[in-house]
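One file, my_file.tsv, carrying TSV, C-alpha atoms:
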```tsv
chain	number	residue	atom	x	y	z
A	1	MET	CA	62.90	38.26	110.78
A	2	LEU	CA	61.08	35.48	108.92
A	3	GLU	CA	58.44	37.94	107.74
A	4	LEU	CA	61.15	40.35	106.55
A	5	ILE	CA	62.91	37.63	104.56
A	6	LEU	CA	59.63	36.52	103.00
A	7	CYS	CA	58.65	40.06	102.06
A	8	SER	CA	62.12	40.84	100.63
A	9	LEU	CA	61.78	37.89	98.27
A	10	LEU	CA	58.63	39.50	96.91
A	11	THR	CA	59.92	43.12	96.76
A	12	VAL	CA	63.65	43.73	97.07
A	13	PHE	CA	64.71	40.65	95.13
A	14	PRO	CA	62.48	41.36	92.06
A	15	ASP	CA	63.64	44.99	92.15
A	16	TYR	CA	67.26	43.86	92.11
A	17	LEU	CA	66.59	41.49	89.20
A	18	TYR	CA	65.00	44.34	87.24
A	19	ARG	CA	67.99	46.64	87.92
A	20	ARG	CA	70.49	43.90	87.08
A	21	TYR	CA	69.06	42.40	83.93
A	22	ALA	CA	66.62	45.01	82.58
A	23	GLN	CA	68.78	48.08	83.27
A	24	GLY	CA	72.14	46.31	83.11
A	25	LYS	CA	73.36	47.59	86.47
A	26	ARG	CA	75.91	45.40	88.18
A	27	LEU	CA	76.42	44.64	91.85
A	28	GLY	CA	79.63	46.32	93.01
A	29	LYS	CA	79.64	48.76	90.08
A	30	GLU	CA	76.43	50.78	89.72
A	31	ILE	CA	74.87	49.04	92.73
A	32	THR	CA	77.16	49.59	95.68
A	33	LEU	CA	76.75	49.76	99.43
A	34	PHE	CA	76.22	53.50	99.17
A	35	SER	CA	73.77	53.36	96.25
A	36	VAL	CA	71.60	50.49	97.49
A	37	TRP	CA	68.87	52.78	98.80
A	38	TYR	CA	68.68	54.82	95.65
A	39	GLU	CA	68.84	51.87	93.29
A	40	LEU	CA	66.51	49.61	95.26
A	41	ARG	CA	64.33	52.28	96.89
A	42	TRP	CA	61.08	50.92	95.46
A	43	GLY	CA	61.82	47.37	96.57
A	44	ILE	CA	63.00	48.45	100.03
A	45	THR	CA	60.01	50.72	100.58
A	46	SER	CA	57.60	48.04	99.40
A	47	CYS	CA	59.39	45.49	101.59
A	48	VAL	CA	59.01	47.65	104.69
A	49	ILE	CA	55.34	48.33	103.99
A	50	LEU	CA	54.59	44.70	103.17
A	51	THR	CA	56.52	43.47	106.22
A	52	VAL	CA	54.60	45.79	108.56
A	53	ALA	CA	51.30	44.81	106.94
A	54	LEU	CA	52.14	41.10	107.10
A	55	ILE	CA	53.21	41.24	110.72
A	56	THR	CA	50.04	43.15	111.61
A	57	VAL	CA	47.83	40.62	109.83
A	58	ILE	CA	49.65	37.65	111.34
A	59	PHE	CA	49.65	38.91	114.90
A	60	TYR	CA	46.05	40.15	114.73
A	61	PHE	CA	44.34	37.19	113.06
A	62	HIS	CA	46.70	34.56	114.51
A	63	PRO	CA	47.50	35.90	117.99
A	64	SER	CA	50.34	34.65	120.11
A	65	THR	CA	51.18	34.95	123.78
A	66	THR	CA	53.93	33.95	126.17
A	67	SER	CA	51.59	34.34	129.16
A	68	ALA	CA	50.19	30.82	129.09
A	69	THR	CA	50.20	28.65	132.19
A	70	MET	CA	48.65	25.45	133.47
A	71	TYR	CA	46.97	26.96	136.51
A	72	TYR	CA	45.80	24.63	139.27
A	73	ARG	CA	43.98	25.21	142.51
A	74	THR	CA	45.28	24.01	145.86
A	75	VAL	CA	43.12	22.96	148.80
A	76	PRO	CA	44.18	24.38	152.18
A	77	ILE	CA	44.37	21.86	155.00
A	78	ILE	CA	42.47	23.51	157.85
A	79	PRO	CA	40.33	22.11	160.67
A	80	GLU	CA	36.82	23.36	161.36
A	81	VAL	CA	37.56	23.88	165.05
A	82	VAL	CA	40.40	25.26	167.13
A	83	GLY	CA	42.38	22.59	168.90
A	84	ARG	CA	45.71	21.07	169.82
A	85	VAL	CA	47.23	18.50	167.49
A	86	ALA	CA	47.20	15.01	169.00
A	87	GLU	CA	48.55	12.92	166.12
A	88	VAL	CA	50.02	13.50	162.66
A	89	ARG	CA	49.44	10.67	160.18
A	90	VAL	CA	51.29	11.90	157.05
A	91	ASP	CA	54.72	13.30	156.24
A	92	HIS	CA	55.43	16.84	155.05
A	93	SER	CA	55.12	15.60	151.45
A	94	ALA	CA	53.07	12.48	150.82
A	95	PRO	CA	50.24	11.13	148.64
A	96	VAL	CA	46.80	10.74	150.21
A	97	LYS	CA	43.48	9.23	149.20
A	98	LYS	CA	40.05	10.73	149.73
A	99	GLY	CA	38.98	10.12	153.32
A	100	ASP	CA	42.48	9.46	154.68
A	101	VAL	CA	43.14	11.03	158.09
A	102	ILE	CA	45.86	13.66	157.80
A	103	PHE	CA	46.04	14.62	161.48
A	104	THR	CA	43.85	14.53	164.58
A	105	LEU	CA	43.09	17.02	167.33
A	106	ASP	CA	42.70	16.41	171.05
A	107	SER	CA	39.17	14.99	171.31
A	108	ALA	CA	38.71	14.51	175.07
A	109	LYS	CA	35.97	17.15	175.30
A	110	GLN	CA	34.14	15.86	172.23
A	111	ALA	CA	34.43	12.24	173.40
A	112	ALA	CA	32.93	13.20	176.80
A	113	ALA	CA	30.07	15.02	175.08
A	114	LEU	CA	29.45	11.96	172.89
A	115	GLU	CA	29.37	9.66	175.93
A	116	THR	CA	26.95	12.02	177.69
A	117	ALA	CA	24.69	12.01	174.64
A	118	LYS	CA	24.79	8.20	174.55
A	119	ARG	CA	23.85	8.03	178.25
A	120	LYS	CA	20.98	10.45	177.68
A	121	SER	CA	19.69	8.32	174.82
A	122	ALA	CA	19.90	5.19	176.99
A	123	GLU	CA	18.07	7.03	179.78
A	124	VAL	CA	15.24	7.94	177.40
A	125	ASP	CA	15.03	4.31	176.25
A	126	ALA	CA	14.73	3.19	179.86
A	127	SER	CA	12.06	5.80	180.52
A	128	LEU	CA	10.16	4.54	177.49
A	129	VAL	CA	10.19	0.98	178.84
A	130	ALA	CA	9.00	2.22	182.23
A	131	ALA	CA	6.25	4.29	180.62
A	132	GLN	CA	5.05	1.26	178.67
A	133	SER	CA	4.87	-0.64	181.96
A	134	ASP	CA	2.84	2.24	183.43
A	135	VAL	CA	0.37	1.89	180.57
A	136	VAL	CA	-0.05	-1.82	181.30
A	137	LYS	CA	-0.41	-1.08	185.01
A	138	ALA	CA	-2.99	1.62	184.30
A	139	GLU	CA	-4.99	-0.79	182.14
A	140	ALA	CA	-5.02	-3.31	184.99
A	141	GLN	CA	-6.13	-0.62	187.47
A	142	ILE	CA	-8.89	0.43	185.08
A	143	GLN	CA	-10.12	-3.13	184.89
A	144	GLU	CA	-10.04	-3.41	188.69
A	145	ALA	CA	-11.87	-0.09	189.08
A	146	LYS	CA	-14.51	-1.14	186.55
A	147	SER	CA	-15.05	-4.41	188.42
A	148	SER	CA	-15.42	-2.64	191.75
A	149	LEU	CA	-17.76	-0.08	190.21
A	150	GLN	CA	-19.83	-2.82	188.59
A	151	GLN	CA	-20.02	-4.72	191.88
A	152	ALA	CA	-21.22	-1.64	193.75
A	153	SER	CA	-23.70	-0.84	190.97
A	154	ASP	CA	-25.14	-4.37	191.01
A	155	GLU	CA	-25.49	-4.34	194.82
A	156	LEU	CA	-27.18	-0.95	194.70
A	157	ASP	CA	-29.61	-2.12	192.02
A	158	VAL	CA	-30.51	-5.20	194.08
A	159	LYS	CA	-31.25	-3.20	197.20
A	160	ARG	CA	-33.23	-0.63	195.27
A	161	GLU	CA	-35.31	-3.40	193.74
A	162	LEU	CA	-35.94	-4.92	197.20
A	163	GLN	CA	-36.85	-1.49	198.56
A	164	LYS	CA	-39.25	-1.04	195.67
A	165	ARG	CA	-40.98	-4.39	196.24
A	166	ASN	CA	-41.04	-4.27	200.04
A	167	PRO	CA	-40.66	-0.73	201.32
A	168	GLY	CA	-38.78	-0.62	204.59
A	169	ILE	CA	-37.10	-3.98	204.15
A	170	VAL	CA	-33.81	-2.26	203.23
A	171	PRO	CA	-32.72	0.64	205.37
A	172	GLN	CA	-32.38	3.88	203.46
A	173	ARG	CA	-29.02	4.34	205.12
A	174	ASP	CA	-27.63	1.29	203.28
A	175	ILE	CA	-28.83	2.58	199.91
A	176	GLU	CA	-27.22	5.96	200.49
A	177	LYS	CA	-24.04	4.28	201.63
A	178	LEU	CA	-23.91	2.22	198.44
A	179	GLU	CA	-24.50	5.33	196.36
A	180	VAL	CA	-21.51	7.02	198.02
A	181	ILE	CA	-19.38	3.93	197.48
A	182	MET	CA	-20.42	3.81	193.83
A	183	ALA	CA	-19.55	7.50	193.33
A	184	GLY	CA	-16.14	6.94	194.93
A	185	ARG	CA	-15.42	3.95	192.72
A	186	GLN	CA	-16.49	5.99	189.66
A	187	GLY	CA	-13.96	8.63	190.71
A	188	THR	CA	-11.32	5.95	191.07
A	189	LEU	CA	-12.13	4.71	187.55
A	190	ASP	CA	-11.87	8.23	186.16
A	191	ALA	CA	-8.52	8.73	187.92
A	192	VAL	CA	-6.96	5.52	186.63
A	193	THR	CA	-8.34	6.29	183.11
A	194	ALA	CA	-6.68	9.71	183.23
A	195	ALA	CA	-3.48	8.06	184.48
A	196	LYS	CA	-3.59	5.70	181.51
A	197	GLN	CA	-4.10	8.58	179.09
A	198	SER	CA	-1.13	10.38	180.64
A	199	ALA	CA	1.02	7.25	180.32
A	200	VAL	CA	-0.07	6.75	176.71
A	201	ILE	CA	0.76	10.38	175.87
A	202	ARG	CA	4.13	9.91	177.52
A	203	VAL	CA	4.79	6.78	175.47
A	204	THR	CA	3.51	8.06	172.13
A	205	THR	CA	4.48	11.76	172.21
A	206	LEU	CA	6.72	12.99	175.03
A	207	LEU	CA	9.30	10.24	175.17
A	208	PRO	CA	9.64	9.92	171.35
A	209	ALA	CA	10.30	13.67	171.25
A	210	GLU	CA	12.91	13.30	173.98
A	211	LYS	CA	14.35	10.33	172.07
A	212	ALA	CA	14.60	12.40	168.88
A	213	SER	CA	16.30	15.21	170.80
A	214	ALA	CA	18.69	12.75	172.39
A	215	GLU	CA	19.49	11.23	168.99
A	216	ALA	CA	20.05	14.71	167.51
A	217	ALA	CA	22.37	15.57	170.39
A	218	LEU	CA	24.15	12.24	169.86
A	219	ALA	CA	24.55	12.96	166.15
A	220	GLN	CA	25.84	16.46	166.90
A	221	ALA	CA	28.31	15.07	169.40
A	222	GLN	CA	29.46	12.52	166.81
A	223	VAL	CA	29.90	15.32	164.25
A	224	ASP	CA	31.94	17.35	166.74
A	225	LEU	CA	34.09	14.31	167.41
A	226	ASP	CA	34.54	13.66	163.68
A	227	LYS	CA	35.72	17.25	163.23
A	228	THR	CA	38.77	16.40	165.28
A	229	PHE	CA	39.80	13.99	162.50
A	230	ILE	CA	41.02	16.14	159.60
A	231	ARG	CA	40.68	14.08	156.42
A	232	ALA	CA	41.63	14.53	152.79
A	233	GLY	CA	38.64	15.68	150.76
A	234	VAL	CA	40.07	14.47	147.43
A	235	ASP	CA	42.80	12.24	146.11
A	236	GLY	CA	46.03	14.16	145.84
A	237	ARG	CA	49.30	15.00	147.49
A	238	VAL	CA	50.05	16.85	150.72
A	239	GLU	CA	52.79	19.47	150.44
A	240	GLN	CA	54.41	21.91	152.89
A	241	PHE	CA	52.86	20.06	155.81
A	242	PHE	CA	55.08	20.61	158.83
A	243	LEU	CA	52.50	20.26	161.59
A	244	ARG	CA	53.61	18.38	164.71
A	245	PRO	CA	51.83	17.01	167.81
A	246	GLY	CA	51.30	19.71	170.39
A	247	ASP	CA	50.80	22.52	167.88
A	248	VAL	CA	47.65	24.59	168.25
A	249	VAL	CA	45.77	25.08	164.97
A	250	ASN	CA	43.26	27.83	164.29
A	251	PRO	CA	41.23	27.82	161.05
A	252	ILE	CA	41.07	31.61	161.05
A	253	MET	CA	44.81	32.26	161.30
A	254	ARG	CA	46.45	29.99	158.72
A	255	SER	CA	46.25	26.57	157.11
A	256	ALA	CA	48.25	23.60	158.34
A	257	GLY	CA	49.41	22.71	154.84
A	258	ILE	CA	48.39	22.37	151.20
A	259	LEU	CA	46.61	19.54	149.42
A	260	ILE	CA	47.12	19.44	145.66
A	261	PRO	CA	44.30	17.42	144.01
A	262	GLU	CA	45.30	14.57	141.74
A	263	GLY	CA	45.36	15.65	138.10
A	264	ALA	CA	45.27	19.34	139.03
A	265	GLY	CA	46.15	21.62	136.15
A	266	GLN	CA	46.33	18.82	133.59
A	267	ARG	CA	43.01	19.49	131.90
A	268	ALA	CA	43.37	22.94	130.37
A	269	LEU	CA	45.82	25.71	129.60
A	270	SER	CA	45.02	29.32	130.52
A	271	ALA	CA	46.49	31.98	128.27
A	272	GLY	CA	46.32	35.77	128.37
A	273	PHE	CA	46.06	37.44	124.95
A	274	GLY	CA	46.18	41.17	124.27
A	275	GLN	CA	43.01	43.23	124.50
A	276	ILE	CA	43.16	43.97	120.78
A	277	GLU	CA	42.39	40.29	120.17
A	278	ALA	CA	38.95	40.55	121.83
A	279	GLN	CA	37.15	40.51	118.45
A	280	VAL	CA	39.28	37.67	117.06
A	281	MET	CA	39.36	35.14	119.88
A	282	LYS	CA	36.45	32.75	119.49
A	283	VAL	CA	35.50	29.42	121.01
A	284	GLY	CA	36.49	26.59	118.68
A	285	MET	CA	39.66	28.21	117.32
A	286	VAL	CA	42.52	25.81	116.70
A	287	ALA	CA	45.57	26.57	118.82
A	288	GLU	CA	49.04	25.24	119.54
A	289	ALA	CA	51.26	25.45	122.58
A	290	THR	CA	54.77	24.56	123.65
A	291	CYS	CA	55.81	24.43	127.30
A	292	ILE	CA	59.23	24.74	128.89
A	293	SER	CA	58.63	21.63	131.03
A	294	LYS	CA	58.12	19.56	127.88
A	295	PRO	CA	60.66	20.92	125.36
A	296	TRP	CA	60.67	20.37	121.60
A	297	THR	CA	56.98	19.47	121.66
A	298	VAL	CA	54.09	21.34	120.04
A	299	ILE	CA	50.71	20.42	121.52
A	300	PRO	CA	47.60	20.80	119.30
A	301	MET	CA	44.81	22.51	121.26
A	302	VAL	CA	41.41	24.09	120.82
A	303	VAL	CA	39.91	27.18	122.48
A	304	THR	CA	37.08	26.04	124.77
A	305	ASN	CA	36.22	29.30	126.53
A	306	VAL	CA	36.98	33.00	126.25
A	307	GLN	CA	36.49	35.10	129.37
A	308	ASN	CA	34.25	38.02	128.43
A	309	TYR	CA	35.73	40.47	130.91
A	310	ILE	CA	39.21	41.71	131.78
A	311	ALA	CA	40.48	41.20	135.31
A	312	ALA	CA	42.33	44.55	135.36
A	313	GLY	CA	39.00	46.37	135.53
A	314	GLN	CA	37.70	44.73	138.70
A	315	PHE	CA	37.36	46.67	141.95
A	316	ARG	CA	35.98	46.30	145.43
A	317	GLY	CA	33.46	48.78	146.72
A	318	GLY	CA	34.95	51.14	149.26
A	319	GLU	CA	35.03	54.68	150.53
A	320	GLN	CA	37.29	56.10	147.80
A	321	LEU	CA	36.52	56.94	144.19
A	322	LEU	CA	38.29	55.03	141.45
A	323	GLU	CA	41.17	56.65	139.59
A	324	ALA	CA	41.78	55.20	136.13
A	325	GLN	CA	45.48	56.07	136.14
A	326	GLN	CA	45.99	53.70	139.08
A	327	THR	CA	45.66	50.78	136.66
A	328	GLN	CA	49.36	50.31	136.02
A	329	ARG	CA	49.23	47.40	133.56
A	330	PRO	CA	46.60	46.73	130.89
A	331	GLY	CA	44.77	43.48	131.38
A	332	THR	CA	44.53	40.57	128.98
A	333	ILE	CA	41.80	38.43	127.48
A	334	LEU	CA	41.84	35.16	129.42
A	335	VAL	CA	41.41	32.16	127.13
A	336	PHE	CA	41.04	28.51	128.15
A	337	MET	CA	42.46	25.88	125.82
A	338	GLU	CA	42.24	22.11	126.01
A	339	PRO	CA	44.27	19.52	124.07
A	340	ILE	CA	42.62	18.16	120.95
A	341	TYR	CA	43.91	14.66	121.60
A	342	LYS	CA	43.49	12.75	124.84
A	343	GLY	CA	46.57	12.94	127.03
A	344	GLY	CA	47.96	15.91	125.12
A	345	LEU	CA	49.13	17.59	128.32
A	346	GLU	CA	50.76	14.48	129.78
A	347	GLY	CA	54.30	15.23	130.76
A	348	VAL	CA	53.64	18.95	131.18
A	349	THR	CA	54.21	19.94	134.79
A	350	PRO	CA	51.25	21.89	136.27
A	351	GLY	CA	52.20	25.54	136.65
A	352	SER	CA	54.62	25.35	133.71
A	353	SER	CA	55.10	28.46	131.54
A	354	CYS	CA	54.05	28.01	127.94
A	355	ILE	CA	53.90	29.81	124.62
A	356	ALA	CA	50.58	29.58	122.76
A	357	ASN	CA	49.31	30.46	119.29
A	358	ALA	CA	45.70	30.66	118.15
A	359	TYR	CA	44.75	30.50	114.49
A	360	THR	CA	41.79	32.13	112.78
A	361	ASN	CA	39.83	29.77	110.54
A	362	ASN	CA	37.54	31.33	107.91
A	363	HIS	CA	36.60	28.12	106.12
A	364	ASP	CA	32.87	28.47	106.77
A	365	VAL	CA	32.81	32.09	105.57
A	366	ILE	CA	34.81	31.21	102.44
A	367	SER	CA	32.46	28.32	101.66
A	368	ALA	CA	29.36	30.48	102.02
A	369	LYS	CA	27.66	31.31	98.72
A	370	GLU	CA	27.06	34.93	99.64
A	371	THR	CA	30.78	35.63	100.14
A	372	GLY	CA	32.26	37.72	97.32
A	373	THR	CA	35.35	36.78	95.33
A	374	SER	CA	37.53	39.58	96.69
A	375	LYS	CA	36.58	38.71	100.25
A	376	ARG	CA	37.32	35.05	99.63
A	377	ILE	CA	40.78	35.91	98.30
A	378	TRP	CA	41.40	38.09	101.35
A	379	LEU	CA	40.24	35.40	103.81
A	380	HIS	CA	42.32	32.77	102.00
A	381	ALA	CA	45.34	35.03	102.44
A	382	VAL	CA	44.54	35.56	106.12
A	383	ASP	CA	44.32	31.82	106.74
A	384	ALA	CA	47.44	31.12	104.68
A	385	VAL	CA	49.71	33.51	106.59
A	386	GLY	CA	48.98	31.52	109.75
A	387	ILE	CA	51.66	29.10	108.63
A	388	VAL	CA	54.23	31.81	109.32
A	389	HIS	CA	53.17	31.99	112.95
A	390	ALA	CA	53.15	28.19	113.13
A	391	MET	CA	56.74	28.16	111.86
A	392	LEU	CA	57.70	30.80	114.43
A	393	LEU	CA	56.19	28.70	117.22
A	394	ARG	CA	58.23	25.69	116.13
A	395	ILE	CA	61.38	27.77	116.00
A	396	GLN	CA	60.59	29.00	119.53
A	397	ALA	CA	60.00	25.41	120.67
A	398	LEU	CA	63.37	24.45	119.19
A	399	LEU	CA	65.26	27.36	120.75
A	400	LEU	CA	63.43	27.48	124.08
A	401	PRO	CA	65.72	24.97	125.86
A	402	VAL	CA	68.79	26.72	124.43
A	403	LYS	CA	67.50	30.09	125.57
A	404	THR	CA	66.71	28.75	129.03
A	405	LEU	CA	69.85	26.69	129.61
A	406	VAL	CA	72.49	28.68	127.72
A	407	LEU	CA	71.39	32.27	127.25
A	408	SER	CA	69.80	32.84	130.65
A	409	GLY	CA	73.05	32.69	132.60
A	410	HIS	CA	73.28	29.00	133.55
```
How does this structure look as structure tokens?
Amino acid sequence: MLELILCSLLTVFPDYLYRRYAQGKRLGKEITLFSVWYELRWGITSCVILTVALITVIFYFHPSTTSATMYYRTVPIIPEVVGRVAEVRVDHSAPVKKGDVIFTLDSAKQAAALETAKRKSAEVDASLVAAQSDVVKAEAQIQEAKSSLQQASDELDVKRELQKRNPGIVPQRDIEKLEVIMAGRQGTLDAVTAAKQSAVIRVTTLLPAEKASAEAALAQAQVDLDKTFIRAGVDGRVEQFFLRPGDVVNPIMRSAGILIPEGAGQRALSAGFGQIEAQVMKVGMVAEATCISKPWTVIPMVVTNVQNYIAAGQFRGGEQLLEAQQTQRPGTILVFMEPIYKGGLEGVTPGSSCIANAYTNNHDVISAKETGTSKRIWLHAVDAVGIVHAMLLRIQALLLPVKTLVLSGH
């Protein structure tokens, strides 16, 4: 309507002035209700053409959409294990901080496994102490065996020397006996040395490996026990949480509730523009939005991202061929917009429906030296007609509460 009024001032109104003052035709005489078309045919035709052209230019270069929403993602409250609820720590709707326990599961099995792992770790520690004592004992036995071997060796050397100086003074039987004793003591030394090596290996290799395994089992048991405490991963608010002690929860079947992160949906506005705007929508475009949850307010925004694919064309691989006619509704170009000023979206409820405009800005092209005069005039006109869409958005922002509260059947 605004475009039609503007165009009529440039076409129908000048045509009427020409008929009235140049041709002398008077309203109600020569210009009547039945002769309006014939008398003002040039102005009316030009008005219709100009109105259509103006609306096309405005809606193409300064697109608008009513499909704008502050989307936000919710976090499902689900445990990692199946179990029976032992305790519920929050109400069905309550704020939580990161790390707060929301509810707990029956942890008798996990607690027993943790205690077993602790006992196993203590057992390995005790074995390590005993093995260290075995090393000390083996060292003492080695020293004793060396002393005995040295004593036998010295006695054998003495008797051999006596036998050498005075043959027959020492019976050969005694020398052979000492040689057997010395060989036995050498075997004893080798045995206690091997025992020491075994004890050292047990202390330095086997038991540390068992200790590491016991600690890993202890850590795993602690993790399993911690899984029975379902905590909030982020600051936020728990909603639709009706879990009660005694309920059995299964992470595969359904969630126990919903956690809405703090500040969710308050950073950006997601808007779906028509596919014809794919060549116009660019990152950095200035935009405006008005939301029903914050009436009579126009929020200055800027386009920060334009999704380069349309969701309506997605498919999952399967056993059937795609049929294009099955796409019932054409998809839209998803655009992400953020407020220009800090706190611009404060007061807008996440999930609120909004109306958004984006405005083409050709300032850089107009300022370029290689741009021709005719193109500059055209781009100036394109940028100038954006004010019409800005006025329409403000009229919508003004009438939106009336439309919602009065004209929607309240």
Exercise for review: Just the residues within 8 Å of Val234 (chain A), please, counting all atoms listed in the file, with nothing from its chain fewer than 4 positions along; format it as a ChimeraX atom specification.
Suggested key: /A:97-99,261-262
Review point. Could you list as a VMD selection string every residue that has an atom within 12 Å of (-1.7, 9.2, 182.6), using the file's coordinates and counting all atoms listed in the file?
Key: chain A and resid 131 to 139 141 to 142 190 to 204 206
Practice item. Between A:Ala381, A:Leu269, A:Ala108, A:Ala214, single out the one closest to Gly344 (chain A), counting all atoms listed in the file. Key: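 The closest residue to Gly344 (chain A) is A:Leu269.
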**Study point:** Who sits within 12 Å of Pro339 (chain A), only C-alpha atoms, same chain under 2 positions skipped, as a ChimeraX atom specification
**Key:** /A:70,266-270,284-290,298-304,336-337,341-346,348,356
Point to revise | Computed interatomic separation between CA of Trp296 (chain A) and CA of Ser352 (chain A) (Å) | key: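 Spanning CA of Trp296 (chain A) to CA of Ser352 (chain A) is a straight-line distance of 14.4 Å.
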Point to revise | d(CA of Gln275 (chain A), CA of Leu334 (chain A)) in Å | key: 9.5 Å
